[in-house]
Amino acid sequence: MSLRRAIAVVLTGLLLGGAAPGALDTDNPQAEQAAFQAYFKNRFPSLPIAEFGNGPYAVNADMRKQWEEIMQFPPYDFALDEGKTAFETKFADGKSYADCFENGGIGVRQNFPYFDTKAGEVVTLDLAINRCRQANGEKPLPYQTGLMVSLTAYMAETSRGRPFDIKIPDDPRALAAYEDGKRYFYTRRGQLNFSCASCHVTAAGQRMRADILAPALGILAAFPIYRSEWGSMGTIDRRFTTCSSQMRSEPLDPQDKSYRNLEYFLSYMSNGVPISGPGTRP
Amino acid sequence: MRALGIAVALASLAATAHAAKQEDAQAALADARQAEAQAASYGNRWLPAEAALKAAQDALAKQAWDDAIAQANRAKALAQRAVEQSRDQEARWRDAVIR
Amino acid sequence: MPSTIRVRAMASGTQTDVQALIQHPMDSGFVKDSNGVLIPPRHIETVTFEHDGKPVLIADWGPAVSKDPYIKFAFKGGAKGDTLTVTWIDNQGKTDSLEAKIA
Amino acid sequence: MHPTSAPMSNATRRETLRILALLGMAGIAGTARAASAPGWPDDAFHQKTMPDAVNALYGKPFEASDKVTLDVPEIAENGAVVPVNVGTTLPNVTTISILVPENPFTLAASYKLPDGTLPAIGCRLKMAKTSDVVAIVESDGKLFAATKNVKVTLGGCGG
């Protein structure tokens with residue numbers, strides 16, 4: 001192609017695309033997902049996709065040894081039993097959680113969060129549980145700890161090993177939710193001026209004092225988690241809110257739209273990584 | 001009688017100074033709140049700004065005007081920094097996206 | 001009230017491998033709660049494991065043992081179906097006991 | 001991997017205090033000693049140094065021995081849950097104890113092993129800050145010990 005024609009092509013590209021060709025960011029989730037996963041596979045070439053569900057323990061041997069020791073008899077065992085019992089207990093109206101979820105709620109965690117085209121918003125597993133309760137005349141549960149974490153622990157356990165399978169339906173609102181989650185993930189905020197990407201992309205695998213920063217790929221696979229730091233279980237909400245305040249940024253409310261969209265983006269990026277929850281973390 | 005007059009004059013002088021300080025403090029606090037509201041509009045409130053704002057309110061309640069002014073100014077500065085951060089990031093977050 | 005004790009005891013012919021997890025706060029007495037009030041010390045002091053009426057392990061614990069404490073040991077003998085009794089007592093006199101079956 | 005941040009004296013001091021508070025070892029609270037469980041070595045658990053704790057528990061000296069294996073992490077992922085495994089090839093082991101000199105109370109745990117119980121213990125301990133961990137095994141009435149250092153610090157970038 002002659003130089004003159006090449007320039008013409010580039011110019012038209014600019015005019016049409018309205019952005020430099022490099023930033024062809026016309027919300028093509030599939031392409032971005034492929035690039036995202038390729039980035040981490042290059043950063044950690046020896047890691048099979050399944051290992052990305054083990055966060056810091058996939059990228060640090062000393063930490064992994066301590067994890068394997070704790071996983072012999074994990075402290076979330078009590079929450080798991082409480083979750084199973086609660087999941088199988090009928091509501092006052094005779095229904096139970098099994099009636100709200102496909103396949104009786106067994107082995108479905110990997111499909112969450114999904115985009116609810118009727119309500120036009122991202123529905124996480126925690127939100128779906130509370131919607132189920134309210135649909136059956138029960139009070140919604142608090143989000144970050146307690147019974148909600150036990151229920152999601154049990155549902156995660158029934159999905160162990162099943163790869164994330166998050167879909168973005170052909171609906172502009174779904175694309176917008178994905179885009180909003182992406183924006184949140186890459187936007188720096190708080191006095192420390194970090195974004196999620198600053199630690200979980202750029203510095204993935206490195207130490208932040210005693211912590212090893214988990215790669216963003218598969219980072220939600222192990223939830224809900226028992227953190228030694230908390231001495232108790234916590235859901236994704238609890239982790240998002242505590243992380244926000246560590247950035248000296250005002251945490252949002254649990255199940256805030258931004259957090260749900262962030263979870264949607266992160267889970268979609270992790271398609272193919274198997275569920276490893278419930279998990280234990282430092 | 002004269003001594004009493006002077007005392008009264010001095011007292012009223014102090015009172016007006018007191019009142020002026022109070023107004024300054026309240027104005028500073030209003031500015032800080034306004035800056036913080038702007039940061040909130042970007043969904044980017046900083047915890048240290050919140051803390052300084054609260055400290056300013058507490059100081060105001062205790063009529064510690066100088067302290068209130070200092071804390072309010074600190075809150076405003078932090079909130080403004082948050083707004084700058086948000087504006088900057090609105091333009092540049094896409095640069096970080098993995099492609 | 002479900003038991004606060006979880007036991008996994010596996011007989012392997014010559015010995016029985018035991019793992020136990022106990023639900024307990026193991027408060028050391030130095031931690032302050034969210035509004036700055038010192039949480040009083042409450043930690044397990046002794047855990048006794050018995051098989052055939054004889055102790056196979058007695059654990060004496062201080063406040064430095066982790067929350068939801070864990071223990072792993074093994075003893076010679078023990079067969080599938082035997083009972084392993086686990087009992088803990090804490091410094092406030094609270095206690096719990098469980099009769100677990102060896103697998 | 002060595003932690004990336006260069007150690008700053010006051011930051012490290014501030015950090016240690018924060019960990020102590022976090023893990024609850026801030027100071028020696030006057031713990032009202034309720035009636036202890038029978039057989040619980042109350043005095044030994046309230047000693048603040050290695051010599052006093054060993055003396056209160058055993059009343060005899062110990063010697064280092066490579067026949068005692070002590071498996072602890074190099075850097076604890078979290079000071080609240082540090083996995084510790086002790087084993088030995090020594091014969092007739094009657095007790096195994098684990099001590100953490102830098103904790104406010106040195107003695108962390110002590111196990112009485114009746115005849116027929118294998119000389120190996122696994123447990124999870126709290127550590128206030130970087131410290132040695134000492135495992136003492138009593139074999140034929142004599143005390144043998146293994147010592148390893150475990151680094152403990154706060155995780156994350158601090159609230």
# chains A, B, ... in the order shown; residues from 1 in each chain; ligands from 1

call {"tool": "residues_around", "arguments": {"residues": "Ala64 in chain B", "least_positions_apart": "4", "cutoff": "12 Å", "atoms": "only C-alpha atoms", "output": "VMD selection string"}}
result
chain B and resid 18 21 to 22 24 to 26 55 to 60 68 to 71

call {"tool": "select_by_dssp", "arguments": {"residues": "chain C", "states": "strand (DSSP E or B)", "output": "PDB file with C-alpha atoms, in the first residue's frame"}}
result
ATOM      1  CA  ILE C   5     -15.917 -29.793  68.315  1.00  0.00           C
ATOM      2  CA  ARG C   6     -15.147 -31.305  64.890  1.00  0.00           C
ATOM      3  CA  VAL C   7     -13.080 -34.500  64.871  1.00  0.00           C
ATOM      4  CA  ARG C   8     -11.611 -36.573  62.060  1.00  0.00           C
ATOM      5  CA  ALA C   9     -10.178 -39.816  63.408  1.00  0.00           C
ATOM      6  CA  MET C  10      -8.937 -42.413  60.909  1.00  0.00           C
ATOM      7  CA  ALA C  11      -7.748 -45.847  61.969  1.00  0.00           C
ATOM      8  CA  GLN C  15      -2.438 -46.317  64.601  1.00  0.00           C
ATOM      9  CA  THR C  16      -5.247 -43.758  64.610  1.00  0.00           C
ATOM     10  CA  ASP C  17      -4.605 -40.346  63.088  1.00  0.00           C
ATOM     11  CA  VAL C  18      -6.625 -37.614  64.794  1.00  0.00           C
ATOM     12  CA  GLN C  19      -7.421 -34.057  63.704  1.00  0.00           C
ATOM     13  CA  ALA C  20      -9.691 -31.785  65.689  1.00  0.00           C
ATOM     14  CA  LEU C  21     -11.053 -28.285  65.164  1.00  0.00           C
ATOM     15  CA  ILE C  22     -12.788 -26.482  68.001  1.00  0.00           C
ATOM     16  CA  ASP C  27      -9.746 -14.337  73.511  1.00  0.00           C
ATOM     17  CA  LYS C  32     -10.212  -4.175  72.447  1.00  0.00           C
ATOM     18  CA  LEU C  38     -11.103  -4.681  76.545  1.00  0.00           C
ATOM     19  CA  ARG C  42     -11.585 -16.400  77.411  1.00  0.00           C
ATOM     20  CA  ILE C  44      -9.468 -23.009  76.334  1.00  0.00           C
ATOM     21  CA  GLU C  45      -7.097 -24.250  79.024  1.00  0.00           C
ATOM     22  CA  THR C  46      -7.251 -28.018  78.584  1.00  0.00           C
ATOM     23  CA  VAL C  47      -8.417 -30.419  75.890  1.00  0.00           C
ATOM     24  CA  THR C  48      -8.552 -34.101  76.758  1.00  0.00           C
ATOM     25  CA  PHE C  49      -8.750 -36.904  74.196  1.00  0.00           C
ATOM     26  CA  GLU C  50      -9.772 -40.328  75.547  1.00  0.00           C
ATOM     27  CA  HIS C  51      -9.973 -43.730  73.898  1.00  0.00           C
ATOM     28  CA  LYS C  54      -7.707 -43.827  78.797  1.00  0.00           C
ATOM     29  CA  PRO C  55      -6.366 -40.405  77.835  1.00  0.00           C
ATOM     30  CA  VAL C  56      -4.444 -40.473  74.535  1.00  0.00           C
ATOM     31  CA  LEU C  57      -3.579 -36.762  74.705  1.00  0.00           C
ATOM     32  CA  ILE C  58      -3.968 -33.883  77.147  1.00  0.00           C
ATOM     33  CA  ALA C  59      -3.420 -30.438  75.693  1.00  0.00           C
ATOM     34  CA  ASP C  60      -2.722 -27.454  77.960  1.00  0.00           C
ATOM     35  CA  TRP C  61      -3.325 -24.240  76.033  1.00  0.00           C
ATOM     36  CA  VAL C  65      -3.388 -20.676  70.617  1.00  0.00           C
ATOM     37  CA  TYR C  70      -6.772 -26.993  65.583  1.00  0.00           C
ATOM     38  CA  ILE C  71      -4.804 -29.981  66.738  1.00  0.00           C
ATOM     39  CA  LYS C  72      -3.267 -32.970  64.975  1.00  0.00           C
ATOM     40  CA  PHE C  73      -1.738 -36.076  66.611  1.00  0.00           C
ATOM     41  CA  ALA C  74      -1.789 -39.860  66.388  1.00  0.00           C
ATOM     42  CA  PHE C  75      -1.814 -42.770  68.809  1.00  0.00           C
ATOM     43  CA  LYS C  76      -1.037 -46.420  68.449  1.00  0.00           C
ATOM     44  CA  THR C  83     -15.210 -44.012  70.355  1.00  0.00           C
ATOM     45  CA  LEU C  84     -12.851 -41.082  70.840  1.00  0.00           C
ATOM     46  CA  THR C  85     -14.065 -38.666  73.520  1.00  0.00           C
ATOM     47  CA  VAL C  86     -12.938 -35.051  73.273  1.00  0.00           C
ATOM     48  CA  THR C  87     -13.542 -32.579  76.109  1.00  0.00           C
ATOM     49  CA  TRP C  88     -12.406 -28.973  76.501  1.00  0.00           C
ATOM     50  CA  ILE C  89     -12.575 -26.601  79.487  1.00  0.00           C
ATOM     51  CA  ASP C  90     -11.873 -22.864  79.262  1.00  0.00           C
ATOM     52  CA  THR C  95     -16.885 -26.681  78.563  1.00  0.00           C
ATOM     53  CA  ASP C  96     -18.039 -28.959  75.745  1.00  0.00           C
ATOM     54  CA  SER C  97     -17.553 -32.604  74.953  1.00  0.00           C
ATOM     55  CA  LEU C  98     -18.011 -34.863  71.932  1.00  0.00           C
ATOM     56  CA  GLU C  99     -17.962 -38.600  71.405  1.00  0.00           C
ATOM     57  CA  ALA C 100     -16.621 -39.147  67.901  1.00  0.00           C
ATOM     58  CA  LYS C 101     -16.501 -42.442  66.035  1.00  0.00           C
TER      59      LYS C 101
END

call {"tool": "atom_distance", "arguments": {"atom1": "CA of Glu23 in chain B", "atom2": "CA of Asn73 in chain B"}}
result
14.2 Å

call {"tool": "residues_around", "arguments": {"residues": "range 120-128 of chain D", "least_positions_apart": "6", "cutoff": "9 Å", "atoms": "only C-alpha atoms", "output": "MDAnalysis selection string"}}
result
(chainID A and resid 70) or (chainID C and resid 19 63:67 69:74) or (chainID D and resid 16 19:26 76 78:88 96 100 102:104 108:109 111 150 152:153)

call {"tool": "closest_residue", "arguments": {"among": "D:Lys148, D:Lys129, D:Lys142, D:His46", "to": "chain C", "atoms": "only C-alpha atoms"}}
result
D:His46

call {"tool": "interface_residues", "arguments": {"of": "chain A", "to": "chain B", "cutoff": "10 Å", "atoms": "only C-alpha atoms", "output": "PyMOL selection string"}}
result
chain A and resi 22-25+31-39+182-193+195+197-198+201-202+244-252+258

call {"tool": "atom_distance", "arguments": {"atom1": "CA of Val273 in chain A", "atom2": "CA of Lys167 in chain A"}}
result
14.2 Å

call {"tool": "closest_residue", "arguments": {"among": "C:Thr4, C:Gln92, C:Ser28, C:Ser34", "to": "chain A", "atoms": "only C-alpha atoms"}}
result
C:Thr4

call {"tool": "atom_distance", "arguments": {"atom1": "CA of Cys157 in chain D", "atom2": "CA of Arg209 in chain A"}}
result
7.3 Å

call {"tool": "residues_around", "arguments": {"residues": "Ala50 in chain A", "least_positions_apart": "4", "cutoff": "12 Å", "atoms": "only C-alpha atoms", "output": "ChimeraX atom specification"}}
result
/A:41,46,54-55,58,160-164,217-219,221-222,270-276

call {"tool": "select_by_dssp", "arguments": {"residues": "range 113-184 of chain A", "states": "helix (DSSP H, G or I)", "output": "ChimeraX atom specification"}}
result
/A:125-135,147-157,172-184

call {"tool": "closest_residue", "arguments": {"among": "A:Asp171, A:Asp211, A:Asp116, A:Glu138", "to": "chain D", "atoms": "only C-alpha atoms"}}
result
A:Asp211

call {"tool": "closest_atom_pairs", "arguments": {"of": "chain A", "to": "chain C", "cutoff": "9 Å", "atoms": "only C-alpha atoms", "output": "tab-separated table"}}
result
residue	atom	partner	partner_atom	distance
A:Ile70	CA	C:Tyr70	CA	8.9
A:Gln72	CA	C:Gln19	CA	8.7
A:Phe73	CA	C:Leu21	CA	6.9
A:Pro74	CA	C:Leu21	CA	8.3
A:Pro75	CA	C:Asp68	CA	6.3
A:Asp77	CA	C:Arg6	CA	8.4
A:Phe78	CA	C:Gln23	CA	7.5
A:Ser228	CA	C:Lys67	CA	8.9
A:Gly231	CA	C:Lys67	CA	6.7
